[in-house]
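Shown next, in structure tokens, is the structure this report addresses.
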Amino acid sequence: MVMYKYMANIAGTCMLIRRVLIWSILFVAVSCSSKSDTLPENNGSQGGSSDAFMRRVEVTNYVEYRTGNAPLIISVPHDGTTTDAALVLRTKENCPDPSFSTAQDIYTTELADLIDSVFRAKTGKYPYMVIGRVSRKYVDFNREQKYAVVAGSTKGVGIYNTYHNRVKAAADSISKKNGAGLLLDIHGHSHEIQQIELGYLLKSSILNLDDATLAADENYAYKSSIYNLVKNNKSGSTFTALLRGTYSFGSYLYKNGLACIPHSANLSPGDSPYFSSGEITQRHGSSQGSGVIDAIQCEFNRNAREEVNRKNTAEAFVAAVLEYMEKHYKL
Ligand SMILES: [Zn+2]
């Protein structure tokens with residue numbers, strides 16, 4: 001009798017798993033074929049047990065969006081490969097961007113996928129994910145619209161807006177449910193110095209100032225992409241402490257084995273090439289009192305993205321994110 005019940009339970013569980021699989025496949029199929037711009041909504045509890053949460057995934061050739069139930073957004077704008085004859089190629093002439101580029105941030109999607117998986121394994125929760133699938137030759141999601149797509153390219157503008165609308169949807173959802181959160185914008189640089197460049201919307205010339213100078217003028221904190229955290233953090237940390245102190249994000253990365261800048265033992269870039277951030281961090285971060293989602297641009301060096309190191313990079317990165325958020329965020 002006991003054995004019979006056990007067998008019945010197994011049969012029931014198998015049936016349930018099969019149903020879930022069939023519905024998942026149907027959902028992805030609908031998402032792939034849908035031409036509408038309808039946002040996929042989270043299903044189940046956002047803040048409670050992840051058992052009640054079912055991630056929704058929207059996949060197109062241009063932008064991929066995965067919903068989440070953690071106060072963290074991962075954005076990956078520069079690793080897309082989709083080409084499309086209906087889109088207009090960007091050039092220095094038709095997109096007069098002072099820092100024009102069509103370079104692909106190779107392996108950042110693979111790295112972000114690992115970050116997603118490791119985060120889930122460590123916490124039981126999902127970050128929100130926004131991934132550019134279209135080539136940067138047509139759309140650059142990390143530039144102002146006037147430099148991002150060729151003027152008059154309606155399809156290009158639509159794709160650009162979709163990316164930013166998805167980041168905004170994730171940010172709005174987190175703002176409503178958690179009251180604060182963090183956006184990490186993932187890139188890959190080809191600079192010689194093998195370190196992750198953390199961008200807070202503060203140029204080299206500002207980072208090269210000493211802590212006393214940065215602390216003396218509130219404008220530096222106000223303009224930074226973590227201004228909301230500066231105003232409201234549970235550790236009572238100051239702006240410079242959050243930027244490059246012992247408990248800054250950079251110091252947590254360094255402690256976990258990832259070379260980076262800035263942190264407490266590597267304060268400023270000096271004359272070395274350094275990316276201070278772009279449109280995604282500017283538009284969706286908390287600079288100048290804009291919302292409650294902080295943003296940090298994370299430019300990964302080549303070695304950190306290579307296959308042989310990628311898993312370690314993702315493990316160390318997620319460990320640092322969790323320590324940083326636990327230390328400073330009132331979640
Ligand atoms: Zn990039």
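By order in the structure tokens, chains are A, B, ...; within a chain, residues start at 1; ligands start at 1, following the order shown.
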
*asked:* I want to know what sits within 6 Å of Ala295 of chain A, based on only C-alpha atoms, with residues of the same chain fewer than 3 positions away left out; could you give that as a ChimeraX atom specification?
replied: /A:182-184,225,281,285

Could you save the residues just selected, with C-alpha atoms, as a short mmCIF file (atom, residue, chain, number, x, y, z; two decimals), in the first residue's frame?
```cif
data_model
loop_
_atom_site.label_atom_id
_atom_site.label_comp_id
_atom_site.auth_asym_id
_atom_site.auth_seq_id
_atom_site.Cartn_x
_atom_site.Cartn_y
_atom_site.Cartn_z
CA LEU A 182 21.18 48.00 -8.36
CA LEU A 183 21.76 47.96 -12.12
CA LEU A 184 25.04 46.49 -13.37
CA SER A 225 25.29 56.96 -10.50
CA THR A 281 24.15 54.18 -16.35
CA GLY A 285 20.96 55.05 -12.42
#
```

*Within 9 Å of ligand 1 (only C-alpha atoms and all ligand atoms), residues as an MDAnalysis selection string*: chainID A and resid 76:79 103:105 108 140 142 185:189 278 299

*Nearby residues (only C-alpha atoms) at most 12 Å from Met129 of chain A, same-chain spacing under 5 positions excluded, as a ChimeraX atom specification*: /A:55-59,63-77,109,112-117,119,163,166-171,183-186

Store the residues picked out above in a file with C-alpha atoms, as an mmCIF file, in the first residue's frame.
```cif
data_model
loop_
_atom_site.group_PDB
_atom_site.id
_atom_site.type_symbol
_atom_site.label_atom_id
_atom_site.label_comp_id
_atom_site.auth_asym_id
_atom_site.auth_seq_id
_atom_site.Cartn_x
_atom_site.Cartn_y
_atom_site.Cartn_z
ATOM 1 C CA ARG A 55 10.490 33.765 -14.787
ATOM 2 C CA ARG A 56 9.099 35.061 -18.080
ATOM 3 C CA VAL A 57 11.406 35.344 -21.048
ATOM 4 C CA GLU A 58 10.868 37.544 -24.098
ATOM 5 C CA VAL A 59 13.149 36.609 -26.982
ATOM 6 C CA VAL A 63 16.504 42.362 -27.518
ATOM 7 C CA GLU A 64 16.069 39.614 -24.937
ATOM 8 C CA TYR A 65 14.366 40.286 -21.610
ATOM 9 C CA ARG A 66 14.123 37.929 -18.632
ATOM 10 C CA THR A 67 12.057 38.931 -15.631
ATOM 11 C CA GLY A 68 13.441 38.551 -12.109
ATOM 12 C CA ASN A 69 12.533 38.557 -8.423
ATOM 13 C CA ALA A 70 15.726 40.054 -6.960
ATOM 14 C CA PRO A 71 16.516 43.808 -6.723
ATOM 15 C CA LEU A 72 19.251 43.466 -9.346
ATOM 16 C CA ILE A 73 19.293 44.229 -13.085
ATOM 17 C CA ILE A 74 21.992 42.937 -15.435
ATOM 18 C CA SER A 75 22.262 44.784 -18.761
ATOM 19 C CA VAL A 76 24.378 43.506 -21.688
ATOM 20 C CA PRO A 77 24.174 45.995 -24.579
ATOM 21 C CA THR A 109 26.629 37.576 -23.014
ATOM 22 C CA ALA A 112 26.225 37.498 -18.011
ATOM 23 C CA ASP A 113 24.506 34.125 -18.491
ATOM 24 C CA LEU A 114 26.911 32.611 -15.966
ATOM 25 C CA ILE A 115 26.307 35.514 -13.563
ATOM 26 C CA ASP A 116 22.571 34.854 -13.921
ATOM 27 C CA SER A 117 23.033 31.119 -13.166
ATOM 28 C CA PHE A 119 23.184 34.259 -8.711
ATOM 29 C CA TYR A 163 15.905 47.936 -24.755
ATOM 30 C CA ARG A 166 12.767 46.826 -20.612
ATOM 31 C CA VAL A 167 15.461 48.232 -18.301
ATOM 32 C CA LYS A 168 12.912 50.796 -17.113
ATOM 33 C CA ALA A 169 10.249 48.115 -16.560
ATOM 34 C CA ALA A 170 12.697 46.136 -14.419
ATOM 35 C CA ALA A 171 13.723 49.277 -12.521
ATOM 36 C CA LEU A 183 21.759 47.956 -12.118
ATOM 37 C CA LEU A 184 25.042 46.494 -13.370
ATOM 38 C CA ASP A 185 25.764 47.306 -17.001
ATOM 39 C CA ILE A 186 28.144 44.658 -18.381
#
```

_From the options A:Ile196, A:Pro273, A:Asp210, A:Glu218, which residue's atoms come nearest to Ile296 of chain A, counting only C-alpha atoms?_
A:Ile196

_Env of segment 306-313 of chain A: 8 Å cut, atoms = only C-alpha atoms, seq-sep filter 2 positions within chain, self excluded. Answer as JSON, numbers by chain._
{"A": [107, 111, 114, 258, 302, 303, 304, 315, 316, 317]}

Please produce an output containing N, CA and C atoms for each residue in the selection, written as a PDB file, in the first residue's frame.
```
ATOM      1  N   TYR A 107      32.002  37.893 -25.627  1.00  0.00           N
ATOM      2  CA  TYR A 107      31.830  36.999 -24.461  1.00  0.00           C
ATOM      3  C   TYR A 107      31.103  37.651 -23.288  1.00  0.00           C
ATOM      4  N   LEU A 111      29.279  35.595 -20.245  1.00  0.00           N
ATOM      5  CA  LEU A 111      29.608  35.933 -18.855  1.00  0.00           C
ATOM      6  C   LEU A 111      28.342  36.289 -18.072  1.00  0.00           C
ATOM      7  N   LEU A 114      26.333  33.291 -17.133  1.00  0.00           N
ATOM      8  CA  LEU A 114      26.911  32.611 -15.966  1.00  0.00           C
ATOM      9  C   LEU A 114      26.589  33.366 -14.681  1.00  0.00           C
ATOM     10  N   LEU A 258      39.214  39.621  -8.037  1.00  0.00           N
ATOM     11  CA  LEU A 258      39.109  40.276  -9.349  1.00  0.00           C
ATOM     12  C   LEU A 258      39.797  41.643  -9.317  1.00  0.00           C
ATOM     13  N   ARG A 302      39.804  41.589 -20.881  1.00  0.00           N
ATOM     14  CA  ARG A 302      39.784  40.420 -21.772  1.00  0.00           C
ATOM     15  C   ARG A 302      39.998  39.106 -21.006  1.00  0.00           C
ATOM     16  N   ASN A 303      41.009  39.069 -20.145  1.00  0.00           N
ATOM     17  CA  ASN A 303      41.314  37.828 -19.418  1.00  0.00           C
ATOM     18  C   ASN A 303      40.134  37.339 -18.585  1.00  0.00           C
ATOM     19  N   ALA A 304      39.432  38.266 -17.972  1.00  0.00           N
ATOM     20  CA  ALA A 304      38.310  37.893 -17.100  1.00  0.00           C
ATOM     21  C   ALA A 304      37.176  37.243 -17.883  1.00  0.00           C
ATOM     22  N   GLU A 315      31.598  33.676 -10.530  1.00  0.00           N
ATOM     23  CA  GLU A 315      31.465  33.296  -9.104  1.00  0.00           C
ATOM     24  C   GLU A 315      31.929  34.451  -8.201  1.00  0.00           C
ATOM     25  N   ALA A 316      33.099  35.006  -8.522  1.00  0.00           N
ATOM     26  CA  ALA A 316      33.659  36.075  -7.697  1.00  0.00           C
ATOM     27  C   ALA A 316      32.807  37.342  -7.802  1.00  0.00           C
ATOM     28  N   PHE A 317      32.325  37.620  -9.006  1.00  0.00           N
ATOM     29  CA  PHE A 317      31.507  38.815  -9.235  1.00  0.00           C
ATOM     30  C   PHE A 317      30.212  38.738  -8.410  1.00  0.00           C
TER      31      PHE A 317
END
```

Using only C-alpha atoms, which residues sit within 10 Å of Leu322 of chain A once same-chain residues fewer than 3 positions away are excluded, as a compact mmCIF listing (two decimals) with C-alpha atoms, in the first residue's frame?
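The resulting part.txt:
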```
# COMPACT_ATOMS: atom_id res chain seq x y z
CA PHE A 119 23.18 34.26 -8.71
CA LYS A 122 23.59 31.16 -4.52
CA THR A 123 20.33 32.92 -3.65
CA PHE A 249 31.97 47.44 -4.72
CA TYR A 252 34.59 43.52 -2.61
CA PHE A 317 31.51 38.82 -9.23
CA VAL A 318 28.27 37.46 -7.74
CA ALA A 319 29.95 36.97 -4.34
CA MET A 325 24.26 44.71 -1.28
CA GLU A 326 24.10 42.99 2.12
CA LYS A 327 26.42 45.61 3.62
```

*Excluding segment 268-270 of chain A and residues on its chain fewer than 4 positions from it, collect all residues at most 10 Å away from it, counting only C-alpha atoms, and give them as a PyMOL selection string.*
chain A and resi 197+203-210+244+261-264+274-275

Could you save those same residues with C-alpha atoms as a PDB file, in the first residue's frame?
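So the final result, stored in part-v3.pdb, reads:
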```
ATOM      1  CA  GLU A 197      36.778  49.306 -14.866  1.00  0.00           C
ATOM      2  CA  LYS A 203      35.606  60.855 -15.330  1.00  0.00           C
ATOM      3  CA  SER A 204      39.292  60.112 -14.685  1.00  0.00           C
ATOM      4  CA  SER A 205      39.960  63.768 -13.873  1.00  0.00           C
ATOM      5  CA  ILE A 206      37.421  63.529 -11.023  1.00  0.00           C
ATOM      6  CA  LEU A 207      38.564  60.119  -9.756  1.00  0.00           C
ATOM      7  CA  ASN A 208      42.112  61.478  -9.720  1.00  0.00           C
ATOM      8  CA  LEU A 209      41.119  63.951  -6.984  1.00  0.00           C
ATOM      9  CA  ASP A 210      41.742  62.929  -3.374  1.00  0.00           C
ATOM     10  CA  ARG A 244      36.468  53.338  -3.232  1.00  0.00           C
ATOM     11  CA  ILE A 261      39.407  50.110 -10.395  1.00  0.00           C
ATOM     12  CA  PRO A 262      38.462  52.046  -8.274  1.00  0.00           C
ATOM     13  CA  HIS A 263      38.931  50.334  -4.904  1.00  0.00           C
ATOM     14  CA  SER A 264      40.742  51.064  -1.633  1.00  0.00           C
ATOM     15  CA  TYR A 274      39.361  54.230 -18.331  1.00  0.00           C
ATOM     16  CA  PHE A 275      35.616  54.067 -19.158  1.00  0.00           C
TER      17      PHE A 275
END
```
